[in-house]
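Engineer: data.txt is reproduced in full below (compact mmCIF, C-alpha atoms).
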# COMPACT_ATOMS: atom_id res chain seq x y z
CA MET A 1 93.98 290.98 19.10
CA ASP A 2 96.24 288.68 21.06
CA SER A 3 96.91 291.39 23.60
CA LEU A 4 93.15 291.97 23.93
CA ILE A 5 92.59 288.27 24.50
CA SER A 6 95.41 287.99 27.03
CA THR A 7 94.49 291.24 28.84
CA PHE A 8 90.86 290.28 29.33
CA HIS A 9 91.51 286.53 29.53
CA ILE A 10 89.03 285.83 26.77
CA ASP A 11 88.42 282.10 26.82
CA TRP A 12 86.00 280.38 24.45
CA LYS A 13 85.35 277.66 27.04
CA LEU A 14 84.10 280.24 29.53
CA MET A 15 82.01 281.86 26.81
CA VAL A 16 80.41 278.52 26.00
CA ALA A 17 79.77 277.95 29.72
CA GLN A 18 78.05 281.34 29.93
CA LEU A 19 76.05 280.57 26.79
CA ILE A 20 74.85 277.37 28.42
CA ASN A 21 73.92 279.34 31.54
CA PHE A 22 71.95 281.78 29.41
CA ALA A 23 70.24 278.95 27.53
CA VAL A 24 69.14 277.47 30.85
CA VAL A 25 67.82 280.88 31.89
CA ILE A 26 65.77 281.24 28.69
CA ILE A 27 64.34 277.74 28.97
CA VAL A 28 63.49 277.93 32.66
CA LEU A 29 62.43 281.56 32.88
CA TRP A 30 60.44 281.86 29.68
CA ILE A 31 59.14 278.39 28.95
CA PHE A 32 58.62 277.30 32.53
CA ALA A 33 57.50 280.53 34.19
CA LEU A 34 56.81 283.62 32.08
CA LYS A 35 55.06 281.96 29.14
CA PRO A 36 52.44 280.27 31.35
CA LEU A 37 52.16 283.51 33.31
CA LYS A 38 51.52 285.46 30.12
CA LYS A 39 48.93 282.88 29.08
CA LEU A 40 47.25 283.24 32.45
CA MET A 41 47.31 287.05 32.15
CA ASP A 42 45.84 286.86 28.63
CA GLU A 43 43.10 284.52 29.87
CA ARG A 44 42.36 286.84 32.77
CA GLY A 45 42.31 289.80 30.39
CA ALA A 46 39.91 287.93 28.11
CA THR A 47 37.70 287.05 31.09
CA ILE A 48 37.65 290.67 32.25
CA ALA A 49 36.94 291.91 28.74
CA GLY A 50 34.16 289.32 28.41
CA GLY A 51 32.79 290.34 31.79
CA LEU A 52 32.82 294.00 30.81
CA ASP A 53 31.07 293.22 27.52
CA ASN A 54 28.51 291.15 29.39
CA ALA A 55 28.02 293.91 31.94
CA LYS A 56 27.48 296.40 29.12
CA LEU A 57 24.99 294.03 27.50
CA GLN A 58 23.20 293.57 30.81
CA GLU A 59 23.13 297.31 31.30
CA GLU A 60 21.58 297.78 27.88
CA LEU A 61 19.09 295.00 28.60
CA LEU A 62 18.26 296.57 31.94
CA ALA A 63 17.76 299.98 30.32
CA LYS A 64 15.46 298.41 27.72
CA GLN A 65 13.52 296.56 30.40
CA LYS A 66 13.21 299.77 32.41
CA GLU A 67 11.92 301.51 29.31
CA ASP A 68 9.39 298.71 28.69
CA TYR A 69 8.40 298.75 32.34
CA ASP A 70 7.90 302.52 32.29
CA ALA A 71 5.85 302.27 29.11
CA ALA A 72 3.73 299.45 30.56
CA LEU A 73 3.30 301.39 33.79
CA ALA A 74 2.21 304.51 31.91
CA GLU A 75 -0.24 302.47 29.84
CA ALA A 76 -1.60 300.80 32.97
CA ARG A 77 -1.97 304.18 34.66
CA ALA A 78 -3.83 305.57 31.66
CA LYS A 79 -6.09 302.50 31.59
CA ALA A 80 -6.70 302.74 35.31
CA ALA A 81 -7.54 306.42 35.01
CA ALA A 82 -9.98 305.68 32.18
CA MET A 83 -11.52 302.87 34.19
CA MET A 84 -11.85 305.10 37.21
CA LYS A 85 -13.56 307.73 35.11
CA GLU A 86 -15.92 305.14 33.65
CA THR A 87 -16.63 303.68 37.07
CA LYS A 88 -17.31 307.12 38.53
CA LYS A 89 -19.73 307.80 35.73
CA GLU A 90 -21.49 304.49 36.26
CA VAL A 91 -21.60 305.03 40.01
CA GLU A 92 -23.10 308.46 39.48
CA THR A 93 -25.80 307.00 37.23
CA VAL A 94 -26.59 304.19 39.65
CA ARG A 95 -26.69 306.67 42.54
CA ALA A 96 -29.07 308.93 40.63
CA ASP A 97 -31.30 305.96 39.78
CA LEU A 98 -31.27 304.76 43.34
CA MET A 99 -32.04 308.21 44.64
CA GLN A 100 -34.94 308.53 42.23
CA LYS A 101 -36.26 305.10 43.16
CA ALA A 102 -35.87 305.82 46.86
CA GLN A 103 -37.72 309.08 46.47
CA ALA A 104 -40.54 307.29 44.61
CA ASP A 105 -40.68 304.60 47.30
CA VAL A 106 -40.80 307.24 50.01
CA THR A 107 -43.62 309.07 48.23
CA THR A 108 -45.54 305.82 47.78
CA ALA A 109 -45.00 304.91 51.42
CA ILE A 110 -46.20 308.35 52.56
CA GLU A 111 -49.29 308.10 50.36
CA SER A 112 -50.01 304.63 51.59
CA GLY A 113 -49.51 305.76 55.20
CA LYS A 114 -51.81 308.70 54.68
CA LYS A 115 -54.49 306.43 53.21
CA GLN A 116 -54.14 303.93 55.99
CA LEU A 117 -54.28 306.75 58.54
CA GLU A 118 -57.44 308.09 56.94
CA SER A 119 -59.05 304.68 56.94
CA GLU A 120 -58.08 304.13 60.58
CA LYS A 121 -59.46 307.54 61.43
CA GLN A 122 -62.79 306.72 59.71
CA LYS A 123 -62.96 303.42 61.48
CA MET A 124 -62.28 305.05 64.83
CA VAL A 125 -64.91 307.72 64.23
CA GLU A 126 -67.45 305.02 63.33
CA GLU A 127 -66.63 303.08 66.44
CA ALA A 128 -66.73 306.20 68.55
CA LYS A 129 -70.14 307.03 67.16
CA LYS A 130 -71.40 303.56 67.98
CA GLU A 131 -70.01 303.88 71.45
CA ILE A 132 -71.64 307.27 71.86
CA VAL A 133 -75.04 305.88 70.70
CA ALA A 134 -74.75 303.05 73.18
CA LEU A 135 -73.70 305.47 75.86
CA VAL A 136 -76.47 307.95 75.07
CA MET A 137 -79.11 305.20 75.06
CA SER A 138 -77.86 303.81 78.29
CA ALA A 139 -77.83 307.28 79.87
CA THR A 140 -81.30 308.10 78.58
CA GLU A 141 -82.72 304.85 79.87
CA LYS A 142 -81.30 305.53 83.27
CA VAL A 143 -82.67 309.05 83.34
CA LEU A 144 -86.15 308.15 82.09
CA GLY A 145 -86.39 304.97 84.08
CA ASP A 146 -88.81 302.19 83.38
CA VAL A 147 -91.09 304.38 81.35
CA ALA A 148 -88.84 304.78 78.59
CA VAL A 149 -87.22 301.39 78.79
CA GLY A 150 -87.33 299.71 75.47
CA LYS A 151 -88.99 302.66 73.99
CA VAL A 152 -86.05 304.83 73.13
CA ASP A 153 -85.67 304.82 69.51
CA THR A 154 -82.28 303.61 68.54
CA LYS A 155 -82.80 304.94 65.08
CA LEU A 156 -83.44 308.40 66.36
CA VAL A 157 -80.31 308.40 68.45
CA GLU A 158 -78.17 307.31 65.57
CA GLU A 159 -79.55 310.06 63.34
CA SER A 160 -78.90 312.57 66.08
CA ILE A 161 -75.33 311.35 66.43
CA LYS A 162 -74.91 311.60 62.66
CA ASN A 163 -75.81 315.26 62.74
CA ILE A 164 -73.15 316.07 65.32
CA MET B 165 103.53 275.89 59.03
CA ASN B 166 103.79 279.65 59.38
CA PRO B 167 100.56 281.69 59.47
CA ILE B 168 100.12 284.13 56.59
CA ALA B 169 100.56 287.75 57.58
CA PRO B 170 97.90 290.22 56.27
CA ALA B 171 100.64 292.24 54.61
CA GLN B 172 101.45 289.25 52.42
CA ILE B 173 97.94 289.13 50.95
CA ASN B 174 97.30 291.13 47.78
CA HIS B 175 93.74 292.43 47.18
CA GLU B 176 93.79 293.43 43.56
CA SER B 177 90.92 294.13 41.23
CA THR B 178 91.84 292.37 38.04
CA LEU B 179 90.34 293.05 34.61
CA TYR B 180 89.54 289.38 34.23
CA ALA B 181 87.68 286.84 36.31
CA GLU B 182 90.08 284.81 38.40
CA PRO B 183 89.99 281.02 38.48
CA VAL B 184 89.08 279.65 41.87
CA ALA B 185 89.67 276.06 40.82
CA TYR B 186 90.27 273.92 37.73
CA VAL B 187 88.24 270.88 36.67
CA HIS B 188 90.00 268.86 33.95
CA GLY B 189 91.76 272.00 32.83
CA PHE B 190 88.54 273.99 32.73
CA PRO B 191 88.86 277.17 34.80
CA ILE B 192 86.09 277.66 37.34
CA THR B 193 86.25 281.44 37.66
CA ASN B 194 84.56 283.47 40.36
CA ALA B 195 82.43 285.16 37.68
CA LEU B 196 81.28 281.75 36.46
CA ILE B 197 80.36 280.74 40.03
CA THR B 198 78.31 283.94 40.34
CA SER B 199 76.60 283.17 37.05
CA TRP B 200 75.71 279.72 38.31
CA VAL B 201 74.30 281.28 41.47
CA ALA B 202 72.32 283.68 39.25
CA VAL B 203 70.97 280.74 37.26
CA ILE B 204 70.00 278.97 40.51
CA VAL B 205 68.25 282.14 41.74
CA ILE B 206 66.34 282.42 38.45
CA ILE B 207 65.41 278.73 38.57
CA ALA B 208 64.22 279.12 42.18
CA LEU B 209 62.14 282.19 41.26
CA SER B 210 60.69 280.43 38.23
CA VAL B 211 59.82 277.30 40.19
CA GLY B 212 58.34 279.42 43.00
CA LEU B 213 56.32 281.39 40.48
CA ARG B 214 55.08 278.30 38.63
CA ALA B 215 54.18 276.53 41.87
CA THR B 216 52.12 279.44 43.19
CA MET B 217 50.62 280.53 39.88
CA LYS B 218 46.87 281.14 40.07
CA LYS B 219 44.23 283.45 38.62
CA VAL B 220 44.20 285.67 41.68
CA PRO B 221 47.91 286.55 41.97
CA GLY B 222 50.04 286.41 45.10
CA LYS B 223 52.88 288.83 45.84
CA LEU B 224 55.55 287.09 43.73
CA GLN B 225 53.19 286.53 40.83
CA HIS B 226 52.00 290.11 41.04
CA LEU B 227 55.59 291.39 40.90
CA PHE B 228 56.31 289.25 37.83
CA GLU B 229 53.03 290.30 36.21
CA VAL B 230 53.96 293.97 36.64
CA ILE B 231 57.42 293.33 35.16
CA LEU B 232 56.01 291.27 32.30
CA GLU B 233 53.27 293.76 31.46
CA GLY B 234 55.65 296.73 31.69
CA GLY B 235 58.30 294.89 29.67
CA LEU B 236 55.84 293.98 26.93
CA ASN B 237 54.56 297.56 26.67
CA LEU B 238 58.11 298.93 26.58
CA ALA B 239 59.09 296.37 23.95
CA ASP B 240 56.03 297.34 21.88
CA GLN B 241 57.30 300.89 21.81
CA VAL B 242 60.65 299.69 20.44
CA THR B 243 59.42 297.12 17.93
CA GLY B 244 56.28 299.01 16.95
CA SER B 245 54.32 295.77 16.71
CA ARG B 246 53.09 293.20 19.23
CA LYS B 247 53.75 290.46 16.66
CA VAL B 248 57.50 291.20 16.59
CA THR B 249 57.53 291.76 20.36
CA GLN B 250 56.09 288.31 21.00
CA LYS B 251 58.89 286.73 19.01
CA VAL B 252 61.79 288.74 20.46
CA PHE B 253 60.59 289.33 24.00
CA PRO B 254 61.61 285.92 25.45
CA ILE B 255 65.27 286.61 24.59
CA ALA B 256 65.16 290.22 25.79
CA ILE B 257 63.50 289.45 29.12
CA SER B 258 65.86 286.52 29.73
CA ILE B 259 68.86 288.78 29.06
CA PHE B 260 67.37 291.36 31.40
CA PHE B 261 66.97 288.96 34.32
CA PHE B 262 70.30 287.20 33.72
CA VAL B 263 72.24 290.46 33.57
CA LEU B 264 70.32 292.09 36.41
CA ILE B 265 70.81 289.24 38.88
CA ASN B 266 74.45 288.87 37.88
CA ASN B 267 74.99 292.61 38.41
CA TRP B 268 73.30 292.62 41.80
CA LEU B 269 75.02 289.46 43.01
CA GLY B 270 78.33 291.23 42.38
CA ILE B 271 77.56 293.93 44.92
CA LEU B 272 76.59 291.56 47.72
CA PRO B 273 79.03 291.93 50.61
CA PHE B 274 80.60 288.50 50.29
CA GLY B 275 83.96 289.83 49.11
CA ALA B 276 85.67 288.51 52.24
CA PHE B 277 85.05 284.90 51.25
CA GLY B 278 87.61 283.49 48.87
CA VAL B 279 90.82 281.58 48.42
CA LEU B 280 94.47 282.53 48.69
CA GLN B 281 96.69 281.65 45.80
CA PRO B 282 100.47 281.88 45.93
CA ALA B 283 101.84 284.69 43.79
CA ALA B 284 105.29 286.04 42.91
CA GLU B 285 105.09 288.25 45.97
CA GLY B 286 103.01 286.82 48.82
CA TYR B 287 99.45 285.61 48.11
CA ASN B 288 96.65 286.79 45.91
CA PHE B 289 93.19 286.84 47.48
CA ILE B 290 90.57 285.59 45.06
CA PRO B 291 86.96 286.17 46.17
CA PHE B 292 84.44 283.44 45.41
CA LEU B 293 81.94 285.89 44.00
CA ARG B 294 82.56 288.43 41.26
CA SER B 295 79.69 289.75 39.22
CA GLY B 296 79.16 287.48 36.23
CA THR B 297 78.97 290.55 34.02
CA ALA B 298 82.31 291.83 35.34
CA ASP B 299 83.89 289.18 33.12
CA ILE B 300 84.22 289.97 29.42
CA ASN B 301 83.58 286.31 28.55
CA SER B 302 80.01 286.59 29.89
CA THR B 303 79.19 289.91 28.25
CA LEU B 304 80.81 288.82 24.99
CA ALA B 305 78.76 285.62 24.96
CA LEU B 306 75.55 287.61 25.53
CA ALA B 307 76.50 290.19 22.89
CA ILE B 308 77.17 287.43 20.37
CA VAL B 309 73.78 285.88 21.17
CA SER B 310 72.18 289.27 20.67
CA VAL B 311 73.88 290.15 17.35
CA ILE B 312 73.91 286.69 15.74
CA GLY B 313 70.39 286.07 17.06
CA SER B 314 69.17 289.32 15.47
CA ASN B 315 70.64 288.32 12.09
CA ILE B 316 69.07 284.86 12.29
CA PHE B 317 65.79 286.55 13.14
CA GLY B 318 66.30 288.85 10.12
CA VAL B 319 66.82 285.83 7.87
CA LEU B 320 63.64 284.22 9.22
CA VAL B 321 61.57 287.37 8.76
CA ILE B 322 62.84 288.98 5.55
CA GLY B 323 64.78 286.12 4.00
CA VAL B 324 68.39 285.12 3.36
CA TRP B 325 68.85 287.18 0.19
CA LYS B 326 67.72 290.48 1.68
CA THR B 327 69.75 289.94 4.84
CA PHE B 328 72.81 289.03 2.80
CA ASN B 329 72.37 292.14 0.65
CA LYS B 330 72.45 294.32 3.73
CA TYR B 331 76.13 293.44 4.12
CA VAL B 332 77.24 292.45 0.64
CA ASN B 333 75.10 294.64 -1.54
CA LEU B 334 75.14 292.69 -4.79
CA LYS B 335 71.77 294.15 -5.65
CA ALA B 336 73.33 297.63 -5.83
CA LEU B 337 76.12 296.37 -8.11
CA ALA B 338 73.63 294.57 -10.33
CA GLY B 339 71.66 297.81 -10.50
CA ILE B 340 74.57 299.44 -12.40
CA VAL B 341 73.97 297.21 -15.43
CA LYS B 342 70.20 297.70 -15.27
CA LYS B 343 69.98 301.43 -14.67
CA VAL B 344 73.15 302.94 -16.15
CA ARG B 345 71.42 304.00 -19.40
CA LYS B 346 68.50 305.60 -17.66
CA ASP B 347 70.42 307.11 -14.80
CA PRO B 348 74.22 307.37 -15.17
CA SER B 349 74.54 308.59 -11.58
CA VAL B 350 74.06 304.98 -10.51
CA LEU B 351 77.76 304.50 -11.41
CA LEU B 352 78.56 306.67 -8.42
CA VAL B 353 75.74 305.62 -6.08
CA ALA B 354 76.04 301.83 -6.44
CA PRO B 355 79.66 301.52 -5.22
CA VAL B 356 78.79 303.80 -2.30
CA MET B 357 75.84 301.52 -1.50
CA PHE B 358 78.11 298.51 -1.69
CA PHE B 359 80.57 300.19 0.66
CA VAL B 360 77.71 301.03 3.06
CA GLY B 361 76.95 297.32 3.15
CA VAL B 362 80.54 296.60 4.16
CA LEU B 363 80.21 299.27 6.85
CA GLU B 364 77.08 297.49 8.08
CA LEU B 365 79.15 294.34 8.44
CA VAL B 366 81.74 296.24 10.45
CA GLY B 367 78.86 297.76 12.38
CA GLU B 368 77.73 294.29 13.44
CA LEU B 369 81.16 293.66 14.93
CA ALA B 370 81.02 297.07 16.57
CA LYS B 371 77.66 296.12 18.08
CA VAL B 372 79.24 293.07 19.70
CA ALA B 373 82.13 295.18 21.01
CA SER B 374 79.94 298.02 22.25
CA LEU B 375 77.40 295.77 23.94
CA SER B 376 79.97 293.62 25.68
CA PHE B 377 82.43 296.34 26.71
CA ARG B 378 79.70 298.75 27.86
CA LEU B 379 78.26 296.24 30.27
CA PHE B 380 81.62 294.87 31.36
CA GLY B 381 83.05 298.36 31.84
CA ASN B 382 80.16 299.66 33.90
CA VAL B 383 79.93 296.66 36.19
CA PHE B 384 83.67 296.26 36.62
CA ALA B 385 84.06 299.99 37.29
CA GLY B 386 81.33 299.72 39.91
CA GLU B 387 83.12 296.88 41.65
CA VAL B 388 86.40 298.82 41.62
CA LEU B 389 84.60 301.90 42.92
CA LEU B 390 83.05 299.96 45.79
CA ALA B 391 86.39 298.33 46.63
CA SER B 392 88.12 301.73 46.59
CA MET B 393 85.48 303.29 48.86
CA THR B 394 85.75 300.36 51.24
CA VAL B 395 89.50 300.81 51.41
CA LEU B 396 89.12 304.54 52.09
CA LEU B 397 86.52 304.08 54.84
CA ALA B 398 84.89 300.72 55.30
CA TYR B 399 82.06 301.98 57.53
CA GLY B 400 79.34 304.08 55.91
CA LEU B 401 81.20 305.47 52.91
CA PRO B 402 80.33 302.63 50.47
CA ILE B 403 76.59 302.82 51.27
CA PRO B 404 75.63 305.58 48.77
CA PHE B 405 77.78 303.87 46.17
CA LEU B 406 76.00 300.59 46.85
CA PHE B 407 72.70 302.31 46.02
CA LEU B 408 74.34 303.79 42.94
CA GLU B 409 75.49 300.33 41.85
CA ILE B 410 72.01 298.90 42.40
CA MET B 411 70.73 301.55 39.98
CA VAL B 412 73.62 301.01 37.56
CA GLY B 413 72.96 297.25 37.59
CA LEU B 414 69.29 297.81 36.77
CA ILE B 415 69.97 300.41 34.08
CA GLN B 416 72.67 298.33 32.39
CA ALA B 417 70.42 295.28 32.31
CA LEU B 418 67.68 297.42 30.80
CA ILE B 419 70.05 298.95 28.23
CA PHE B 420 71.39 295.57 27.15
CA SER B 421 67.93 294.06 26.71
CA MET B 422 66.55 297.17 24.98
CA LEU B 423 69.46 297.28 22.54
CA THR B 424 68.88 293.60 21.82
CA LEU B 425 65.26 294.44 21.01
CA VAL B 426 66.43 297.29 18.77
CA TYR B 427 68.88 295.02 16.89
CA PHE B 428 66.22 292.37 16.38
CA THR B 429 63.74 294.98 15.18
CA ILE B 430 66.21 296.54 12.74
CA ALA B 431 67.16 293.10 11.43
CA SER B 432 63.51 292.27 10.77
CA GLN B 433 62.93 295.39 8.66
CA ASP B 434 63.28 295.36 4.92
CA HIS B 435 65.41 298.38 3.97
CA ASP B 436 64.37 298.25 0.31
CA GLU B 437 60.69 298.42 1.16
CA HIS B 438 61.39 301.21 3.59
CA GLU B 439 63.35 303.16 0.99
CA GLU B 440 60.69 302.57 -1.66
CA GLY B 441 58.09 303.67 0.81
CA SER B 442 59.94 306.86 1.61
CA HIS B 443 60.56 307.56 -2.11
CA GLY B 444 56.87 307.06 -2.78
CA HIS B 445 56.03 309.38 0.06
CA ALA B 446 58.46 312.01 -1.28
CA ALA B 447 56.90 311.72 -4.72
CA VAL B 448 53.44 312.27 -3.28
CA GLU B 449 54.67 315.31 -1.39
CA THR B 450 56.29 316.72 -4.58
CA HIS B 451 53.04 316.30 -6.51
CA ALA B 452 51.16 317.99 -3.73
Please go through the file and, once you have read it, give me the structure as structure tokens.
Structural biologist:
Amino acid sequence: MDSLISTFHIDWKLMVAQLINFAVVIIVLWIFALKPLKKLMDERGATIAGGLDNAKLQEELLAKQKEDYDAALAEARAKAAAMMKETKKEVETVRADLMQKAQADVTTAIESGKKQLESEKQKMVEEAKKEIVALVMSATEKVLGDVAVGKVDTKLVEESIKNI
Amino acid sequence: MNPIAPAQINHESTLYAEPVAYVHGFPITNALITSWVAVIVIIALSVGLRATMKKVPGKLQHLFEVILEGGLNLADQVTGSRKVTQKVFPIAISIFFFVLINNWLGILPFGAFGVLQPAAEGYNFIPFLRSGTADINSTLALAIVSVIGSNIFGVLVIGVWKTFNKYVNLKALAGIVKKVRKDPSVLLVAPVMFFVGVLELVGELAKVASLSFRLFGNVFAGEVLLASMTVLLAYGLPIPFLFLEIMVGLIQALIFSMLTLVYFTIASQDHDEHEEGSHGHAAVETHA
């Protein structure tokens, strides 16, 4: 043992000095540097894990919202289609009614026009007849001269015109 | 005053760290100086790390985070539990850095700086720097910390009585009285168990010797190797050996810290529970 100690110069004072060195290393390295670093890493890990959980939650929420949106969209589309169908039907009915009414109006207008035309025609014929009577009497008076003046029977001329 | 001729200067690699100076009889050896430099380097790194520590890491912080994360995962593989790792890791990582920086400081090319001390024949050249771990006093101190620390840890985890019985197996001797009627073979087994305990005690001393001499031997051999290569051909030849020594320094630091972890883990395990567990398991297998 003595030879071992003398060969390697084993000295308890140097060992104690090295122990102190090592103690300083533990205190400074672990307590001052690595322990806070580990805490920081753990905090960061927790933040990342929390973020990932949150992202997953958001993803699920988004998927659910998308599902709800799709369902609402489909429902709205179905409603819109039904409404369109209903509206088309109503429009068709209204159009048919309007067409019918328009046709009736047109028929009435034509009838009324025809009647008015007939009445106008009658009136014109009457006036033409009167004109002809006047014309015939005037012509006769001129042809017959003073002899016949005032003697031409208006009544006779009118009856003659009637028979035309 | 005559100048000293180069032929008068002895460059010897000694097995022990040489004193560069004495302060009140306390030898300031070159290995101790290197250890102080290592401590200063570690303090500087720690202060630098603490000062620049932030959530988004810089280069230094990133390097330490990689080491810390890797070290914790490696330690988990040894201890088998993060709970034990968290308790033992501060000692293991401190040993790792202390040994690593000491090893690497020893291979820095500052061997030309030193003092001349008169010897029987001429002068002995004593370099200022010698790897801290190339001195048995350093490695012995660390090995004692490792082995005594592991036993203290064992006492804290499994208790004084169980730790004591690992070395002085009174439980086995007491078992003779209890079990001799049921199982006479205990008369043979119990003394063997007691002797195994004594062997465990010797084993603890062997752990100190193996830890300290392994590290000392490797680092000192590396220094001698580098010195020899430099003497053979100073230019170029030592370069591959320098790389080798960088690797050796890293590996030895890793081995020392890993073995410390192993010793702490073994010390924190209850052998009785383990044995009972394995017996129970065997019984289950037999029934099956």
Engineer: Using only C-alpha atoms, which of the listed residues (B:Gly278, B:Pro273, B:Pro348, B:Gly381) sits closest to chain A?
Structural biologist: B:Gly381
Engineer: Find the nearest atom pair between each residue of chain B and chain A for residues within 10 Å, count only C-alpha atoms, give distances in Å to one decimal, sort rows by chain and ascending number, and present the table as CSV.
Structural biologist:
residue,atom,partner,partner_atom,distance
B:Thr178,CA,A:Phe8,CA,9.0
B:Leu179,CA,A:Phe8,CA,6.0
B:Tyr180,CA,A:Phe8,CA,5.2
B:Ala181,CA,A:His9,CA,7.8
B:Glu182,CA,A:His9,CA,9.1
B:Phe190,CA,A:Lys13,CA,7.5
B:Pro191,CA,A:Leu14,CA,7.7
B:Ile192,CA,A:Leu14,CA,8.5
B:Thr193,CA,A:Leu14,CA,8.5
B:Ala195,CA,A:Leu14,CA,9.7
B:Leu196,CA,A:Gln18,CA,7.3
B:Ser199,CA,A:Asn21,CA,7.2
B:Trp200,CA,A:Asn21,CA,7.0
B:Ala202,CA,A:Asn21,CA,9.0
B:Val203,CA,A:Val25,CA,6.2
B:Ile204,CA,A:Val25,CA,9.1
B:Val205,CA,A:Val25,CA,9.9
B:Ile206,CA,A:Leu29,CA,6.9
B:Ile207,CA,A:Val28,CA,6.3
B:Ala208,CA,A:Val28,CA,9.6
B:Leu209,CA,A:Leu29,CA,8.4
B:Ser210,CA,A:Ala33,CA,5.1
B:Val211,CA,A:Ala33,CA,7.2
B:Gly212,CA,A:Ala33,CA,8.9
B:Leu213,CA,A:Ala33,CA,6.5
B:Arg214,CA,A:Ala33,CA,5.5
B:Ala215,CA,A:Ala33,CA,9.3
B:Met217,CA,A:Leu37,CA,7.4
B:Lys218,CA,A:Leu40,CA,7.9
B:Lys219,CA,A:Leu40,CA,6.9
B:Val220,CA,A:Arg44,CA,9.2
B:Pro221,CA,A:Met41,CA,9.9
B:Gln225,CA,A:Leu37,CA,8.2
B:Phe228,CA,A:Leu34,CA,8.1
B:Glu229,CA,A:Leu37,CA,7.4
B:Leu232,CA,A:Lys38,CA,7.7
B:Glu233,CA,A:Lys38,CA,8.6
B:Phe253,CA,A:Trp30,CA,9.4
B:Pro254,CA,A:Trp30,CA,6.0
B:Ile255,CA,A:Ile26,CA,6.8
B:Ala256,CA,A:Ile26,CA,9.5
B:Ile257,CA,A:Trp30,CA,8.2
B:Ser258,CA,A:Ile26,CA,5.4
B:Ile259,CA,A:Phe22,CA,7.7
B:Phe261,CA,A:Val25,CA,8.5
B:Phe262,CA,A:Val25,CA,7.0
B:Val263,CA,A:Phe22,CA,9.6
B:Gly296,CA,A:Gln18,CA,8.9
B:Asp299,CA,A:Phe8,CA,8.0
B:Ile300,CA,A:Phe8,CA,6.6
B:Asn301,CA,A:Met15,CA,5.0
B:Ser302,CA,A:Gln18,CA,5.6
B:Thr303,CA,A:Met15,CA,8.7
B:Leu304,CA,A:Met15,CA,7.3
B:Ala305,CA,A:Met15,CA,5.3
B:Leu306,CA,A:Leu19,CA,7.2
B:Ile308,CA,A:Leu19,CA,9.5
B:Val309,CA,A:Leu19,CA,8.1
Engineer: Calculate how many Å separate CA of Asn288 (chain B) from CA of Gln172 (chain B), rounding to one decimal.
Structural biologist: 8.5 Å
Engineer: Return the single residue from B:Pro355, B:Gly413, B:Gly222, B:Gly386 that is closest to Leu334 (chain B), with distances computed using all atoms listed in the file.
Structural biologist: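 Smallest distance to Leu334 (chain B) is found for B:Pro355.
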